[in-house]
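*Asks:* This is the structure I want to talk about, given as structure tokens.
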Amino acid sequence: MSTEMITLETPRRLRFEIFRFNPEDPSSEPHHQTFELDEQPFMTLYIALNRIREEQDPSLQFDFACRSAICGSCGMLVNGRPRLACNTLTRDLGETIRLEPLPVFKLIGDLSVDTGTWFRGMAEQVGGWIEEKAPFQAHAEEERMDADLAQAIYEGERCIECGCCIAGCGVANVNPDFVGAAGLNRIARFMRDPRDARSEDDWFEVVSDENGVFGCIGLMGCHDVCPKELPLLEQYAYLRRKMLGAAREEERT
Ligand code: SF4
Ligand code: SF4
Ligand code: FES
């Protein structure tokens, strides 16, 4: 029999400082509440929050659906930085973890925010859909698309609308009409699409002001926090090139 000793590490005792506030309750005051938990291997913030809710306080509000960085529901500030709770491991954080709701979006309660209303408003502001060149023909042959172009469009489609880039953007925090990185990404996605009927001049009208591409100051806070690592830098460069081209064209005419 082996005489080798098996040593088990004592789990860390994690301390969660969680923002609490219920805007629907007139007696509720914004504050941070502390909860403690023993860390488990591969514990994510999503698992930790569920344990706190199940074992310590069933009134704690936070959102999740997919648990795999797909639905975009669980964005929150983790030690001041926008992140997804479901793909953030506690082992990558210190023993004290401060959790707060994403700014910019309407607070529902505690860590839960309404990103849906903001994203719907942004989509309406930028016309985030295909404007067809001709009525849809169910029996027509499929239109072919260049593979590189299809890939570039797909990259824009990967956005899960988590809101991390909006919460991490200084401009979006002070200008509620700024479409933010998610909005600029969506515009670039539809501008590239050859099935869309809008001309560069049409797009110029939509995005060439301080609420669109020229409102962005380019410090790339959004790029650093996007959990899907979207090519936001490339999207801005594309939009700026297009918009400057359209502006020069307008000057010439
Ligand atoms: S580059 Fe800066 S200003 Fe522009 S969308 Fe990103 S975070 Fe906002
Ligand atoms: S661009 Fe990235 S950070 Fe912004 S909403 Fe989409 S997935 Fe989230
Ligand atoms: S629970 Fe869906 S992205 Fe985190």
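We label chains A, B, ... in the order they appear in the structure tokens, count residues from 1 in each chain, and number ligands from 1 in the order shown.
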Considering only strand (DSSP E or B) as DSSP defines it on the backbone, what residues of region 25-217 of chain A qualify? List them as a PyMOL selection string.

*Replies:* chain A and resi 31-38+44+75-78+81-84+89+96-100+106-109+112-114+132+196

*Asks:* Give me the residues within 10 Å of region 173-184 of chain A as a ChimeraX atom specification, counting only C-alpha atoms and dropping any in the same chain fewer than 6 places off.

*Replies:* /A:103-105,118-119,121-123,125-128,156,159-167,207,209-216,220-223,226,230,232-233,235-236,239

*Asks:* Go ahead and save the picked residues with N, CA and C atoms, as a tab-separated table (two decimals), in the first residue's frame.

*Replies:*
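Saved as selection.tsv:
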```
chain	number	residue	atom	x	y	z
A	103	PRO	N	-23.60	49.81	-15.35
A	103	PRO	CA	-24.18	51.15	-15.48
A	103	PRO	C	-24.79	51.33	-16.88
A	104	VAL	N	-25.38	52.47	-17.14
A	104	VAL	CA	-26.03	52.85	-18.40
A	104	VAL	C	-27.45	52.25	-18.49
A	105	PHE	N	-27.60	50.96	-18.19
A	105	PHE	CA	-28.90	50.29	-18.35
A	105	PHE	C	-29.78	50.52	-17.13
A	118	TRP	N	-32.59	48.96	-23.98
A	118	TRP	CA	-31.49	49.75	-24.58
A	118	TRP	C	-31.16	49.20	-25.98
A	119	PHE	N	-31.04	47.88	-26.09
A	119	PHE	CA	-30.64	47.30	-27.39
A	119	PHE	C	-31.74	47.47	-28.43
A	121	GLY	N	-33.84	50.02	-28.55
A	121	GLY	CA	-33.77	51.43	-28.94
A	121	GLY	C	-32.60	51.67	-29.88
A	122	MET	N	-31.47	51.06	-29.59
A	122	MET	CA	-30.28	51.22	-30.45
A	122	MET	C	-30.56	50.65	-31.85
A	123	ALA	N	-31.20	49.47	-31.90
A	123	ALA	CA	-31.48	48.85	-33.20
A	123	ALA	C	-32.40	49.74	-34.03
A	125	GLN	N	-32.61	53.01	-33.71
A	125	GLN	CA	-31.84	54.21	-34.06
A	125	GLN	C	-30.94	53.98	-35.27
A	126	VAL	N	-30.33	52.81	-35.35
A	126	VAL	CA	-29.37	52.57	-36.45
A	126	VAL	C	-30.00	51.82	-37.61
A	127	GLY	N	-31.25	51.39	-37.48
A	127	GLY	CA	-31.85	50.58	-38.56
A	127	GLY	C	-31.11	49.26	-38.68
A	128	GLY	N	-31.02	48.55	-37.57
A	128	GLY	CA	-30.20	47.33	-37.53
A	128	GLY	C	-30.89	46.12	-38.11
A	156	GLY	N	-19.52	40.16	-37.08
A	156	GLY	CA	-20.42	41.13	-36.47
A	156	GLY	C	-21.62	40.48	-35.81
A	159	CYS	N	-22.02	39.12	-31.80
A	159	CYS	CA	-22.35	39.93	-30.62
A	159	CYS	C	-23.53	39.29	-29.86
A	160	ILE	N	-23.37	39.12	-28.55
A	160	ILE	CA	-24.45	38.50	-27.75
A	160	ILE	C	-25.25	39.55	-26.98
A	161	GLU	N	-25.00	40.84	-27.27
A	161	GLU	CA	-25.76	41.94	-26.66
A	161	GLU	C	-25.71	41.87	-25.14
A	162	CYS	N	-24.53	41.61	-24.61
A	162	CYS	CA	-24.39	41.51	-23.14
A	162	CYS	C	-24.32	42.89	-22.50
A	163	GLY	N	-23.93	43.91	-23.26
A	163	GLY	CA	-23.86	45.26	-22.72
A	163	GLY	C	-22.53	45.61	-22.05
A	164	CYS	N	-21.58	44.68	-22.01
A	164	CYS	CA	-20.31	44.98	-21.33
A	164	CYS	C	-19.59	46.16	-21.99
A	165	CYS	N	-19.61	46.20	-23.35
A	165	CYS	CA	-18.92	47.29	-24.04
A	165	CYS	C	-19.58	48.64	-23.78
A	166	ILE	N	-20.88	48.64	-23.59
A	166	ILE	CA	-21.61	49.89	-23.34
A	166	ILE	C	-21.28	50.37	-21.93
A	167	ALA	N	-21.32	49.44	-20.98
A	167	ALA	CA	-21.02	49.80	-19.59
A	167	ALA	C	-19.58	50.29	-19.43
A	207	VAL	N	-25.17	57.61	-39.06
A	207	VAL	CA	-24.08	57.44	-38.09
A	207	VAL	C	-23.05	58.55	-38.02
A	209	ASP	N	-22.68	61.46	-36.76
A	209	ASP	CA	-22.73	62.54	-35.78
A	209	ASP	C	-22.17	62.04	-34.45
A	210	GLU	N	-22.35	62.84	-33.40
A	210	GLU	CA	-21.72	62.48	-32.13
A	210	GLU	C	-22.42	61.28	-31.46
A	211	ASN	N	-23.57	60.85	-31.97
A	211	ASN	CA	-24.21	59.65	-31.44
A	211	ASN	C	-23.76	58.40	-32.19
A	212	GLY	N	-23.02	58.59	-33.27
A	212	GLY	CA	-22.56	57.48	-34.09
A	212	GLY	C	-21.05	57.41	-34.12
A	213	VAL	N	-20.53	57.17	-35.31
A	213	VAL	CA	-19.11	56.84	-35.40
A	213	VAL	C	-18.19	58.00	-34.98
A	214	PHE	N	-18.65	59.24	-35.17
A	214	PHE	CA	-17.77	60.35	-34.79
A	214	PHE	C	-17.89	60.73	-33.31
A	215	GLY	N	-18.78	60.04	-32.58
A	215	GLY	CA	-18.85	60.24	-31.12
A	215	GLY	C	-17.82	59.38	-30.40
A	216	CYS	N	-17.33	58.37	-31.08
A	216	CYS	CA	-16.38	57.42	-30.48
A	216	CYS	C	-15.00	58.06	-30.38
A	220	MET	N	-10.82	52.42	-26.90
A	220	MET	CA	-10.95	50.97	-26.96
A	220	MET	C	-11.22	50.27	-25.62
A	221	GLY	N	-11.86	50.98	-24.69
A	221	GLY	CA	-12.30	50.33	-23.46
A	221	GLY	C	-13.24	49.18	-23.79
A	222	CYS	N	-14.06	49.36	-24.82
A	222	CYS	CA	-15.02	48.34	-25.25
A	222	CYS	C	-14.30	47.08	-25.72
A	223	HIS	N	-13.25	47.29	-26.48
A	223	HIS	CA	-12.49	46.16	-27.05
A	223	HIS	C	-11.90	45.30	-25.92
A	226	CYS	N	-14.94	43.15	-24.17
A	226	CYS	CA	-15.89	42.33	-24.93
A	226	CYS	C	-15.60	40.84	-24.68
A	230	LEU	N	-14.94	40.37	-30.10
A	230	LEU	CA	-15.32	40.84	-31.44
A	230	LEU	C	-14.25	41.78	-31.98
A	232	LEU	N	-13.75	44.75	-32.79
A	232	LEU	CA	-14.37	46.08	-32.76
A	232	LEU	C	-13.47	47.13	-33.40
A	233	LEU	N	-12.17	46.97	-33.21
A	233	LEU	CA	-11.21	47.91	-33.81
A	233	LEU	C	-11.36	47.92	-35.34
A	235	GLN	N	-13.99	47.04	-37.01
A	235	GLN	CA	-15.31	47.58	-37.37
A	235	GLN	C	-15.27	49.11	-37.41
A	236	TYR	N	-14.62	49.74	-36.41
A	236	TYR	CA	-14.54	51.21	-36.41
A	236	TYR	C	-13.75	51.71	-37.59
A	239	LEU	N	-15.88	51.58	-40.61
A	239	LEU	CA	-16.92	52.62	-40.62
A	239	LEU	C	-16.32	54.00	-40.92
```

*Asks:* Which of region 126-216 of chain A end up as alpha helix (DSSP H) when DSSP is run on this backbone - answer as a ChimeraX atom specification?

*Replies:* /A:126,147-157,164-167,170-174,180-192,200-207

*Asks:* Contacts of region 42-56 of chain A at 8 Å or less, counting only C-alpha atoms, minus same-chain residues fewer than 4 places along, as a CSV table (one decimal) with N, CA and C atoms, in the first residue's frame?

*Replies:*
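As written to disk, out.csv reads:
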```
chain,number,residue,atom,x,y,z
A,35,PHE,N,-21.4,38.7,1.7
A,35,PHE,CA,-21.7,37.3,1.9
A,35,PHE,C,-20.3,36.6,1.8
A,37,LEU,N,-18.4,32.6,1.3
A,37,LEU,CA,-18.5,31.3,0.7
A,37,LEU,C,-17.2,30.6,0.7
A,60,LEU,N,-31.9,37.8,-3.5
A,60,LEU,CA,-30.8,38.4,-4.4
A,60,LEU,C,-31.2,38.3,-5.9
A,64,PHE,N,-29.4,35.3,-15.6
A,64,PHE,CA,-28.6,34.3,-16.3
A,64,PHE,C,-29.6,33.4,-17.1
A,67,ARG,N,-25.6,30.0,-19.1
A,67,ARG,CA,-24.4,29.6,-18.3
A,67,ARG,C,-23.2,29.3,-19.2
A,85,ALA,N,-20.8,36.9,-15.6
A,85,ALA,CA,-20.6,36.1,-14.4
A,85,ALA,C,-20.4,34.6,-14.7
A,86,CYS,N,-21.0,34.1,-15.8
A,86,CYS,CA,-20.9,32.7,-16.1
A,86,CYS,C,-19.6,32.2,-16.6
A,87,ASN,N,-18.8,33.1,-17.2
A,87,ASN,CA,-17.5,32.6,-17.6
A,87,ASN,C,-16.3,33.3,-16.9
A,88,THR,N,-16.6,33.8,-15.7
A,88,THR,CA,-15.5,34.3,-14.8
A,88,THR,C,-15.3,33.4,-13.7
A,89,LEU,N,-14.1,32.8,-13.6
A,89,LEU,CA,-13.7,31.9,-12.5
A,89,LEU,C,-13.3,32.7,-11.3
A,90,THR,N,-13.8,32.2,-10.2
A,90,THR,CA,-13.4,32.9,-8.9
A,90,THR,C,-11.8,32.8,-8.7
A,91,ARG,N,-11.2,31.7,-9.2
A,91,ARG,CA,-9.8,31.5,-9.0
A,91,ARG,C,-9.0,32.6,-9.6
```

*Asks:* Record the distance separating CA of Ala197 (chain A) and atom 7 (S, counted along the ligand's line) of ligand 2, expressed in Å with one decimal.

*Replies:* 26.1 Å

*Asks:* Mind dumping a table of every chain A residue within 6 Å of ligand 3, with the nearest atom pair and its distance in Å to one decimal, using only C-alpha atoms and all ligand atoms, sorted by chain and rising number, as CSV?

*Replies:*
```
residue,atom,partner,partner_atom_place_in_ligand_line,distance
A:Phe64,CA,ligand 3,1 (S),3.8
A:Ala65,CA,ligand 3,1 (S),4.5
A:Cys66,CA,ligand 3,2 (Fe),3.9
A:Arg67,CA,ligand 3,1 (S),3.8
A:Ser68,CA,ligand 3,2 (Fe),5.5
A:Ala69,CA,ligand 3,3 (S),3.5
A:Ile70,CA,ligand 3,3 (S),4.6
A:Cys71,CA,ligand 3,2 (Fe),3.9
A:Gly72,CA,ligand 3,3 (S),3.8
A:Ser73,CA,ligand 3,2 (Fe),5.0
A:Cys74,CA,ligand 3,4 (Fe),4.4
A:Leu84,CA,ligand 3,4 (Fe),5.5
A:Ala85,CA,ligand 3,4 (Fe),5.9
A:Cys86,CA,ligand 3,4 (Fe),4.4
```

*Asks:* Using CA of Thr96 (chain A) and CA of Asp38 (chain A) as the two end points, give the distance in Å to one decimal.

*Replies:*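 About the pair CA of Thr96 (chain A) and CA of Asp38 (chain A): they are 12.0 Å apart.
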
*Asks:* Between A:Asp196, A:Glu17, A:Glu95, A:Glu205, which is the closest to Gly80 (chain A) once you count only C-alpha atoms?

*Replies:*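 Among the listed residues, A:Glu17 lies closest to Gly80 (chain A).
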
*Asks:* Would you mind telling me which residue in A:Asp193, A:Glu200, A:Asp63, A:Glu124 lies nearest to Arg144 (chain A) when using only C-alpha atoms?

*Replies:*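 Once distances to Arg144 (chain A) are computed over only C-alpha atoms, the minimum belongs to A:Asp193.
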
*Asks:* Any idea what's packed within 12 Å of Ile108 (chain A), counting only C-alpha atoms, ignoring anything in its chain fewer than 3 positions away? Could you give it as a ChimeraX atom specification?

*Replies:* /A:20-25,60-63,101-103,105,111-117

*Asks:* Using only C-alpha atoms and all ligand atoms, pick whichever of A:Arg240, A:Arg248, A:Arg158, A:Arg120 has the shortest atom-to-atom distance to ligand 1.

*Replies:*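 Of the candidates, the smallest distance to ligand 1 is held by A:Arg240.
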
*Asks:* Of the candidates A:Tyr154, A:Glu100, A:Arg195, A:Glu36, which one gets nearest to Lys133 (chain A) if we count only C-alpha atoms?

*Replies:*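 Closest to Lys133 (chain A), using only C-alpha atoms: A:Arg195.
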
*Asks:* Considering only C-alpha atoms and all ligand atoms, state which residue in the set A:Gly168, A:Ala237, A:Glu155, A:Ala188 is at the smallest distance from ligand 1.

*Replies:*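 Smallest separation from ligand 1 among the options: A:Gly168.
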